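Okay, structure first, notes after.
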Amino acid sequence: MQANGIFDKLRRFDAYPRTLEDFRVKTFGGAIITLLSSAVMAVLFISELNEYLSQETQQELFVDTSRGQKLRINIDITFSHLPCGYLSIDAMDVSGEQQIDLDTSLFKQRLDATGKEVGDTQETKLKEEEGEGEKEKDKVQKEKADTLDPNRCESCYGAELDDKMCCNTCEAVRAAYRLKGWALDNPDSIEQCRREGWLQRVKGEKGEGCRAHGYLQVNKVAGNFHLAPGKSFQQHHVHVHDIQAFGGQKFNLSHRINHLSFGNDYPGIVNPLDGAFEAAGEWQMMYQYHVKIVPTTYISLSSEALYTNQFSVTKHSRQNLGDGGEDKLPGVFFVYEVSPMMVKFTEKRRSFMHFLTGICAIVGGVFTVAGLIDSLIYQSAKAIQRKIELGKTS
C-alpha cells in the first residue's frame with residue numbers, strides 16, 4: 001500500500017498526460033501532416049549529420065613573431081627557346097646574402113625543339129649525327145687534354161692579376177676577363193676554350209629548351225631570384241651576367257611556370273602562378289613578377305602545425321637591350337616581400353553534444369509546429385462543418 005501511494009504521488013509530476021483512446025480522433029489531414037513533418041525531420045537530420053561529420057576551418061590574423069626561419073621556394077619553370085647551357089639561376093636578398101648560379105638543389109633538364117627531355121641516348125645520337133669529322137676532332141682534343149701537365153700555368157690572355165696569373169681552363173679565362181670588366185667576344189680564339197670545345201657545346205644546344213626545377217632556401221626577408229641567360233658574377237658590387245660571350249645572340253624568354261610556391265602545400269591552397277604561360281613577342285624581354293608573401297600556419301585536426309606561405313602576385317614586362325647589368329638584363333625575375341602579418345588556419349569539428357542539441361531542436365521544433373498546424377486545420381474544419389450544419393437546420 002505504501003508503494004502504491006508513492007507511485008500515485010509520482011504520477012502528479014507527469015508533464016505528458018495521456019488521453020483515453022476513446023477520446024482520440026485520427027483524421028486524414030493529421031496523417032498528411034505527420035508524413036510531411038517526418039520527411040522534413042529526416043532531411044534536417046541528414047543535413048545536421050553531414051555538418052557534424054564535415055570539418056570547418058577557422059581563420060585568424062595576427063603579427064608574425066617567428067624568428068630565424070628559412071623560406072623554401074619551390075620552382076618548376078620551362079623555357080621553350082632558351083638552352084640550359086645559357087641559363088643561370090641566382091638569388092639574393094636585402095641582408096646581403098647571394099646565391100650565384102645555383103645548381104645543388106635546382107636542376108636543369110635539356111629539352112628538344114618539341115619539348116621532350118633530352119636524355120643520354122638522344123645526346124649520343126645527336127653527336128653521331130654531327131659527322132665523323134667532328135668526332136675525330138673531339139677525340140684529338142680529348143687526347144690532347146689528357147696529356148697536359150697538371151702543374152702547367154697557361155696564359156690568361158692579358159687578364160692576369162697579382163693573385164691569379166694562371167688560367168688553365170676556359171672558365172678560368174672567362175672569370176679573369178669578367179674581373180677585368182672585359183668582353184670575351186670570341187671564345188674560339190682562346191686555346192683553352194678550343195681545347196674544351198666550349199663553343200661547340202654552346203652551338204650544339206641551339207634550338208633547345210630547358211626546364212628548371214627544384215627548390216632553394218633563402219632568408220625570410222625581402223629579396224629576389226631570377227633565371228636569366230649568361231654566366232653571373234659580381235663586379236664592383238653590381239650583379240652582372242656575361243652575355244657577350246654568346247656573340248650578340250638575342251634570346252627568346254617565352255616560358256611556362258608549371259609550379260611556384262613558398263613552402264609546403266596545405267588543403268585548399270591556391271598558387272596563382274601555376275600554369276601561367278608567357279609568349280615573348282619580342283627578343284630580350286624582361287619579365288618581373290612582384291610577389292607579396294603572407295606567412296601561414298595550418299593546424300590540422302590532429303593538432304599538427306604546418307608552417308608555410310601563401311602569396312599574391314602582379315606582373316610587369318618590358319624589352320631590355322642592355323649590357324648584362326641586372327637592371328638591363330633579359331630574363332625572368334621574381335621580386336618578393338614578406339608580410340609582417342601571419343594567417344592561421346585551424347581545422348575544427350563540431351562536438352557531439354552540439355550535434356545532439358541540434359537533433360533535439362529539430363525534432364522538437366518540427367513536432368511542435370506540425371502540432372500547431374494540425375490543430376489549426378482541425379479546429380477550422382470543425383468550425384466550417386458546424387456552420388454548414390447550422391445552415392441546414394435553419
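Letters A, B, ... go to the chains of the C-alpha cells in the order shown; residues in each chain start at 1; ligands are counted from 1 in the same order.
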| request: From a DSSP pass on the backbone, collect the residues of range 198-328 of chain A flagged as strand (DSSP E) and hand them back as a ChimeraX atom specification. | output: /A:209-219,223-229,231-235,238-242,255-262,276-278,285-299,305-319
| What lies within 9 Å of range 81-90 of chain A using only C-alpha atoms, ignoring chain neighbours under 2 positions off, as number ranges by chain? | A: 79, 92, 98-103, 106, 108-111, 113, 201-202, 205-212, 224-232, 241, 243, 246, 251-255
Only C-alpha atoms, please: the residues just picked out, written as a PDB file, in the first residue's frame.
```pdb
ATOM      1  CA  PHE A  79      61.804  27.772 -71.235  1.00  0.00           C
ATOM      2  CA  MET A  92      69.875  37.493 -53.377  1.00  0.00           C
ATOM      3  CA  GLN A  98      73.792  35.922 -52.540  1.00  0.00           C
ATOM      4  CA  GLN A  99      73.476  32.514 -54.138  1.00  0.00           C
ATOM      5  CA  ILE A 100      75.105  32.602 -57.571  1.00  0.00           C
ATOM      6  CA  ASP A 101      74.460  30.087 -60.364  1.00  0.00           C
ATOM      7  CA  LEU A 102      72.504  27.638 -58.191  1.00  0.00           C
ATOM      8  CA  ASP A 103      72.988  24.003 -59.155  1.00  0.00           C
ATOM      9  CA  LEU A 106      67.915  23.271 -58.571  1.00  0.00           C
ATOM     10  CA  LYS A 108      68.219  21.991 -65.375  1.00  0.00           C
ATOM     11  CA  GLN A 109      66.772  19.460 -67.791  1.00  0.00           C
ATOM     12  CA  ARG A 110      67.520  19.872 -71.512  1.00  0.00           C
ATOM     13  CA  LEU A 111      64.509  19.798 -73.835  1.00  0.00           C
ATOM     14  CA  ALA A 113      62.516  21.521 -80.013  1.00  0.00           C
ATOM     15  CA  ARG A 201      78.857  22.761 -76.834  1.00  0.00           C
ATOM     16  CA  VAL A 202      77.080  26.108 -76.914  1.00  0.00           C
ATOM     17  CA  GLU A 205      72.374  23.333 -77.705  1.00  0.00           C
ATOM     18  CA  LYS A 206      70.940  25.917 -80.090  1.00  0.00           C
ATOM     19  CA  GLY A 207      67.267  25.346 -80.741  1.00  0.00           C
ATOM     20  CA  GLU A 208      66.782  23.523 -77.444  1.00  0.00           C
ATOM     21  CA  GLY A 209      64.706  24.461 -74.417  1.00  0.00           C
ATOM     22  CA  CYS A 210      65.247  23.998 -70.711  1.00  0.00           C
ATOM     23  CA  ARG A 211      63.221  23.012 -67.673  1.00  0.00           C
ATOM     24  CA  ALA A 212      64.481  24.394 -64.344  1.00  0.00           C
ATOM     25  CA  ASN A 224      64.646  38.305 -55.460  1.00  0.00           C
ATOM     26  CA  PHE A 225      65.639  35.334 -57.539  1.00  0.00           C
ATOM     27  CA  HIS A 226      65.929  35.262 -61.297  1.00  0.00           C
ATOM     28  CA  LEU A 227      66.525  32.989 -64.256  1.00  0.00           C
ATOM     29  CA  ALA A 228      68.498  34.743 -66.971  1.00  0.00           C
ATOM     30  CA  PRO A 229      70.977  33.991 -69.778  1.00  0.00           C
ATOM     31  CA  GLY A 230      74.712  34.327 -69.255  1.00  0.00           C
ATOM     32  CA  LYS A 231      77.193  33.403 -66.535  1.00  0.00           C
ATOM     33  CA  SER A 232      76.508  35.506 -63.426  1.00  0.00           C
ATOM     34  CA  HIS A 241      75.539  38.391 -66.386  1.00  0.00           C
ATOM     35  CA  ILE A 243      76.029  37.543 -72.274  1.00  0.00           C
ATOM     36  CA  PHE A 246      77.357  34.468 -76.940  1.00  0.00           C
ATOM     37  CA  PHE A 251      67.237  35.438 -76.527  1.00  0.00           C
ATOM     38  CA  ASN A 252      63.606  34.350 -76.581  1.00  0.00           C
ATOM     39  CA  LEU A 253      62.319  34.342 -72.993  1.00  0.00           C
ATOM     40  CA  SER A 254      58.995  32.576 -73.632  1.00  0.00           C
ATOM     41  CA  HIS A 255      58.290  30.491 -70.535  1.00  0.00           C
TER      42      HIS A 255
END
```
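Ranking A:Pro330, A:Val366, A:Asp265, A:Arg178 by their shortest atom-to-atom distance to Leu306 in chain A, with only C-alpha atoms included, puts A:Asp265 first.
The environment of Tyr336 in chain A within 10 Å, counting only C-alpha atoms and disregarding residues fewer than 4 places along the same chain, consists of Asp93, Val221, Ala222, Gly223, Asn224, Phe225, Tyr289, His290, Val291, Lys292, Ile293, Phe311, Ser312 and Val313 of chain A.
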How about saving the chosen residues, N, CA and C atoms kept, as a short mmCIF file (atom, residue, chain, number, x, y, z; two decimals), in the first residue's frame?
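Listed below is the output, result-v1.cif:
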```cif
data_model
loop_
_atom_site.label_atom_id
_atom_site.label_comp_id
_atom_site.auth_asym_id
_atom_site.auth_seq_id
_atom_site.Cartn_x
_atom_site.Cartn_y
_atom_site.Cartn_z
N ASP A 93 69.18 38.69 -51.39
CA ASP A 93 68.19 39.34 -50.53
C ASP A 93 68.79 40.61 -49.91
N VAL A 221 63.42 37.29 -45.61
CA VAL A 221 63.42 38.74 -45.77
C VAL A 221 63.17 39.04 -47.25
N ALA A 222 62.99 40.31 -47.54
CA ALA A 222 62.74 40.69 -48.94
C ALA A 222 63.95 40.37 -49.80
N GLY A 223 63.69 39.98 -51.02
CA GLY A 223 64.78 39.65 -51.94
C GLY A 223 64.25 39.34 -53.32
N ASN A 224 65.09 38.71 -54.13
CA ASN A 224 64.65 38.30 -55.46
C ASN A 224 65.46 37.11 -55.91
N PHE A 225 64.90 36.36 -56.82
CA PHE A 225 65.64 35.33 -57.54
C PHE A 225 65.26 35.44 -59.00
N TYR A 289 57.97 39.52 -61.81
CA TYR A 289 56.82 39.10 -61.00
C TYR A 289 57.04 39.63 -59.58
N HIS A 290 56.19 40.54 -59.18
CA HIS A 290 56.28 41.13 -57.84
C HIS A 290 55.35 40.34 -56.91
N VAL A 291 55.96 39.65 -55.96
CA VAL A 291 55.24 38.69 -55.12
C VAL A 291 55.13 39.23 -53.70
N LYS A 292 53.92 39.18 -53.14
CA LYS A 292 53.67 39.51 -51.74
C LYS A 292 53.40 38.21 -50.99
N ILE A 293 54.30 37.85 -50.09
CA ILE A 293 54.22 36.58 -49.37
C ILE A 293 53.58 36.82 -48.00
N PHE A 311 50.64 33.54 -51.29
CA PHE A 311 51.14 34.77 -51.91
C PHE A 311 50.18 35.28 -52.97
N SER A 312 50.35 36.56 -53.25
CA SER A 312 49.69 37.21 -54.39
C SER A 312 50.78 37.76 -55.28
N VAL A 313 50.43 38.09 -56.53
CA VAL A 313 51.47 38.48 -57.49
C VAL A 313 50.92 39.46 -58.50
#
```
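Ranking A:Ile377, A:Val63, A:Leu356, A:Leu216 by their shortest atom-to-atom distance to Lys344 in chain A, with only C-alpha atoms included, puts A:Val63 first.
The closest residue to Ser37 in chain A, picked from A:Glu389, A:Asp374, A:Glu160, A:Glu171 and counting only C-alpha atoms, is A:Asp374.
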DSSP on the backbone, alpha helix (DSSP H) only: what residues of range 81-307 of chain A does that give? Format it as a short mmCIF file (atom, residue, chain, number, x, y, z; two decimals) with N, CA and C atoms, in the first residue's frame.
```cif
data_model
loop_
_atom_site.label_atom_id
_atom_site.label_comp_id
_atom_site.auth_asym_id
_atom_site.auth_seq_id
_atom_site.Cartn_x
_atom_site.Cartn_y
_atom_site.Cartn_z
N ASP A 120 70.55 10.77 -72.22
CA ASP A 120 71.89 10.39 -72.67
C ASP A 120 71.87 9.76 -74.06
N THR A 121 70.85 8.92 -74.33
CA THR A 121 70.79 8.25 -75.62
C THR A 121 70.57 9.26 -76.74
N GLN A 122 69.75 10.25 -76.48
CA GLN A 122 69.50 11.26 -77.50
C GLN A 122 70.73 12.14 -77.71
N GLU A 123 71.44 12.44 -76.62
CA GLU A 123 72.65 13.23 -76.76
C GLU A 123 73.67 12.48 -77.61
N THR A 124 73.80 11.18 -77.36
CA THR A 124 74.73 10.37 -78.14
C THR A 124 74.34 10.36 -79.61
N LYS A 125 73.03 10.26 -79.85
CA LYS A 125 72.56 10.24 -81.23
C LYS A 125 72.87 11.55 -81.94
N LEU A 126 72.69 12.66 -81.22
CA LEU A 126 72.98 13.95 -81.82
C LEU A 126 74.47 14.08 -82.15
N LYS A 127 75.32 13.56 -81.26
CA LYS A 127 76.76 13.62 -81.52
C LYS A 127 77.14 12.78 -82.73
N GLU A 128 76.45 11.64 -82.86
CA GLU A 128 76.74 10.79 -84.01
C GLU A 128 76.35 11.48 -85.31
N GLU A 129 75.29 12.27 -85.28
CA GLU A 129 74.83 12.95 -86.48
C GLU A 129 75.71 14.12 -86.87
N GLU A 132 81.63 12.27 -88.85
CA GLU A 132 82.88 11.65 -88.44
C GLU A 132 83.97 12.68 -88.20
N GLY A 133 83.95 13.78 -88.97
CA GLY A 133 84.98 14.79 -88.83
C GLY A 133 84.96 15.44 -87.46
N GLU A 134 83.73 15.79 -86.97
CA GLU A 134 83.61 16.41 -85.66
C GLU A 134 84.02 15.43 -84.57
N LYS A 135 83.65 14.18 -84.70
CA LYS A 135 84.00 13.18 -83.68
C LYS A 135 85.51 13.01 -83.62
N GLU A 136 86.15 13.00 -84.77
CA GLU A 136 87.60 12.86 -84.79
C GLU A 136 88.27 14.07 -84.13
N LYS A 137 87.68 15.25 -84.36
CA LYS A 137 88.20 16.47 -83.75
C LYS A 137 88.08 16.42 -82.24
N ASP A 138 86.93 15.95 -81.74
CA ASP A 138 86.72 15.82 -80.30
C ASP A 138 87.72 14.83 -79.70
N LYS A 139 87.97 13.75 -80.44
CA LYS A 139 88.89 12.74 -79.95
C LYS A 139 90.30 13.30 -79.80
N VAL A 140 90.72 14.07 -80.79
CA VAL A 140 92.05 14.68 -80.74
C VAL A 140 92.15 15.66 -79.59
N GLN A 141 91.08 16.45 -79.39
CA GLN A 141 91.09 17.42 -78.30
C GLN A 141 91.14 16.73 -76.95
N LYS A 142 90.42 15.63 -76.80
CA LYS A 142 90.41 14.89 -75.54
C LYS A 142 91.79 14.30 -75.26
N GLU A 143 92.40 13.71 -76.29
CA GLU A 143 93.73 13.14 -76.10
C GLU A 143 94.74 14.22 -75.74
N LYS A 144 94.58 15.39 -76.34
CA LYS A 144 95.48 16.49 -76.04
C LYS A 144 95.30 16.96 -74.59
N ALA A 145 94.04 16.99 -74.12
CA ALA A 145 93.77 17.42 -72.75
C ALA A 145 94.32 16.42 -71.74
N ASP A 146 94.28 15.12 -72.09
CA ASP A 146 94.78 14.08 -71.17
C ASP A 146 96.30 14.15 -71.00
N CYS A 170 89.01 27.10 -69.77
CA CYS A 170 88.24 28.14 -70.45
C CYS A 170 87.46 28.98 -69.45
N GLU A 171 86.90 28.33 -68.43
CA GLU A 171 86.14 29.06 -67.41
C GLU A 171 87.04 30.00 -66.62
N ALA A 172 88.30 29.59 -66.39
CA ALA A 172 89.24 30.46 -65.67
C ALA A 172 89.54 31.72 -66.49
N VAL A 173 89.69 31.57 -67.79
CA VAL A 173 89.93 32.74 -68.66
C VAL A 173 88.70 33.65 -68.64
N ARG A 174 87.52 33.07 -68.75
CA ARG A 174 86.29 33.87 -68.74
C ARG A 174 86.14 34.61 -67.43
N ALA A 175 86.47 33.93 -66.29
CA ALA A 175 86.39 34.58 -64.98
C ALA A 175 87.38 35.73 -64.88
N ALA A 176 88.58 35.54 -65.40
CA ALA A 176 89.58 36.61 -65.37
C ALA A 176 89.13 37.81 -66.20
N TYR A 177 88.55 37.55 -67.35
CA TYR A 177 88.03 38.63 -68.18
C TYR A 177 86.91 39.38 -67.45
N ARG A 178 86.05 38.63 -66.75
CA ARG A 178 84.95 39.28 -66.03
C ARG A 178 85.50 40.18 -64.92
N LEU A 179 86.54 39.71 -64.22
CA LEU A 179 87.12 40.53 -63.16
C LEU A 179 87.73 41.81 -63.72
N LYS A 180 88.25 41.75 -64.93
CA LYS A 180 88.80 42.94 -65.58
C LYS A 180 87.74 43.83 -66.19
N GLU A 191 92.86 29.28 -76.54
CA GLU A 191 93.30 27.89 -76.68
C GLU A 191 92.55 26.97 -75.72
N GLN A 192 92.36 27.42 -74.48
CA GLN A 192 91.68 26.57 -73.50
C GLN A 192 90.24 26.29 -73.94
N CYS A 193 89.56 27.29 -74.48
CA CYS A 193 88.17 27.11 -74.92
C CYS A 193 88.10 26.21 -76.14
N ARG A 194 89.07 26.36 -77.04
CA ARG A 194 89.09 25.48 -78.22
C ARG A 194 89.34 24.04 -77.79
N ARG A 195 90.25 23.86 -76.85
CA ARG A 195 90.59 22.51 -76.40
C ARG A 195 89.39 21.83 -75.74
N GLU A 196 88.61 22.59 -74.98
CA GLU A 196 87.46 22.02 -74.27
C GLU A 196 86.20 21.98 -75.13
N TRP A 198 84.27 24.47 -75.95
CA TRP A 198 83.23 25.28 -75.30
C TRP A 198 82.24 25.83 -76.32
N LEU A 199 82.74 26.39 -77.40
CA LEU A 199 81.87 26.99 -78.39
C LEU A 199 81.03 25.93 -79.09
N GLN A 200 81.62 24.73 -79.30
CA GLN A 200 80.86 23.66 -79.94
C GLN A 200 79.70 23.21 -79.07
N ARG A 201 79.94 23.16 -77.74
CA ARG A 201 78.86 22.76 -76.83
C ARG A 201 77.73 23.78 -76.86
N VAL A 202 78.10 25.05 -76.88
CA VAL A 202 77.08 26.11 -76.91
C VAL A 202 76.27 26.03 -78.20
N LYS A 203 76.97 25.85 -79.32
CA LYS A 203 76.27 25.75 -80.60
C LYS A 203 75.42 24.49 -80.68
N GLY A 204 75.88 23.41 -80.02
CA GLY A 204 75.14 22.15 -80.06
C GLY A 204 73.81 22.23 -79.34
#
```
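Compared by their closest atoms to Glu278 in chain A, and using only C-alpha atoms, the residues A:Val218, A:Ile77, A:Cys156, A:Leu35 rank with A:Ile77 nearest.
The coordinates place CA of Asn219 in chain A at 29.5 Å from CA of Ser302 in chain A.
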Selection near range 347-349 of chain A, 7 Å with only C-alpha atoms, sequence-local residues under 4 positions removed, as a short mmCIF file (atom, residue, chain, number, x, y, z; two decimals) with all heavy atoms, in the first residue's frame:
```cif
data_model
loop_
_atom_site.label_atom_id
_atom_site.label_comp_id
_atom_site.auth_asym_id
_atom_site.auth_seq_id
_atom_site.Cartn_x
_atom_site.Cartn_y
_atom_site.Cartn_z
N TYR A 52 27.98 17.75 -38.99
CA TYR A 52 28.75 17.22 -37.86
C TYR A 52 29.97 16.44 -38.34
O TYR A 52 31.05 16.55 -37.77
CB TYR A 52 27.85 16.34 -36.99
CG TYR A 52 28.60 15.51 -35.98
CD1 TYR A 52 29.23 16.11 -34.88
CD2 TYR A 52 28.69 14.13 -36.12
CE1 TYR A 52 29.92 15.36 -33.95
CE2 TYR A 52 29.39 13.37 -35.19
CZ TYR A 52 30.00 13.98 -34.11
OH TYR A 52 30.70 13.23 -33.21
N SER A 54 31.54 16.77 -41.26
CA SER A 54 32.48 17.61 -42.01
C SER A 54 33.26 18.50 -41.05
O SER A 54 32.85 18.73 -39.91
CB SER A 54 31.75 18.46 -43.05
OG SER A 54 30.84 19.33 -42.41
N GLN A 55 34.41 19.01 -41.55
CA GLN A 55 35.24 19.88 -40.74
C GLN A 55 35.19 21.30 -41.28
O GLN A 55 34.99 21.52 -42.46
CB GLN A 55 36.68 19.38 -40.72
CG GLN A 55 37.35 19.38 -42.08
CD GLN A 55 38.69 18.68 -42.07
OE1 GLN A 55 38.89 17.76 -41.31
NE2 GLN A 55 39.59 19.13 -42.92
N GLU A 56 35.39 22.24 -40.41
CA GLU A 56 35.41 23.64 -40.81
C GLU A 56 36.78 24.23 -40.45
O GLU A 56 37.49 23.72 -39.57
CB GLU A 56 34.29 24.42 -40.11
CG GLU A 56 34.36 24.37 -38.60
CD GLU A 56 33.20 25.13 -37.95
OE1 GLU A 56 32.30 25.54 -38.68
OE2 GLU A 56 33.24 25.30 -36.72
N THR A 57 37.14 25.27 -41.16
CA THR A 57 38.44 25.91 -40.95
C THR A 57 38.24 27.33 -40.46
O THR A 57 37.59 28.14 -41.13
CB THR A 57 39.26 25.92 -42.26
OG1 THR A 57 39.39 24.59 -42.74
CG2 THR A 57 40.64 26.50 -42.02
N GLN A 58 38.78 27.61 -39.30
CA GLN A 58 38.71 28.96 -38.74
C GLN A 58 39.97 29.73 -39.11
O GLN A 58 41.07 29.18 -39.13
CB GLN A 58 38.56 28.90 -37.22
CG GLN A 58 37.22 28.33 -36.77
CD GLN A 58 37.05 28.38 -35.26
OE1 GLN A 58 38.00 28.68 -34.53
NE2 GLN A 58 35.86 28.10 -34.79
N ILE A 299 46.83 24.42 -38.82
CA ILE A 299 46.70 23.47 -37.72
C ILE A 299 45.64 22.44 -38.10
O ILE A 299 44.48 22.77 -38.29
CB ILE A 299 46.30 24.17 -36.40
CG1 ILE A 299 47.22 25.36 -36.12
CG2 ILE A 299 46.35 23.16 -35.25
CD1 ILE A 299 48.65 25.00 -35.89
N SER A 300 46.05 21.18 -38.23
CA SER A 300 45.12 20.11 -38.60
C SER A 300 44.33 19.64 -37.38
O SER A 300 44.58 20.06 -36.25
CB SER A 300 45.89 18.94 -39.22
OG SER A 300 46.76 18.37 -38.26
N LEU A 301 43.37 18.72 -37.61
CA LEU A 301 42.56 18.18 -36.52
C LEU A 301 43.42 17.43 -35.51
O LEU A 301 43.07 17.35 -34.33
CB LEU A 301 41.49 17.24 -37.09
CG LEU A 301 40.31 17.90 -37.81
CD1 LEU A 301 39.41 16.86 -38.44
CD2 LEU A 301 39.52 18.77 -36.85
#
```
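CA of Pro340 in chain A sits 28.3 Å away from CA of Gly275 in chain A.
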| request: Tell me, in Å to one decimal, how far CA of Ile269 in chain A is from CA of Phe345 in chain A. | output: 11.1 Å
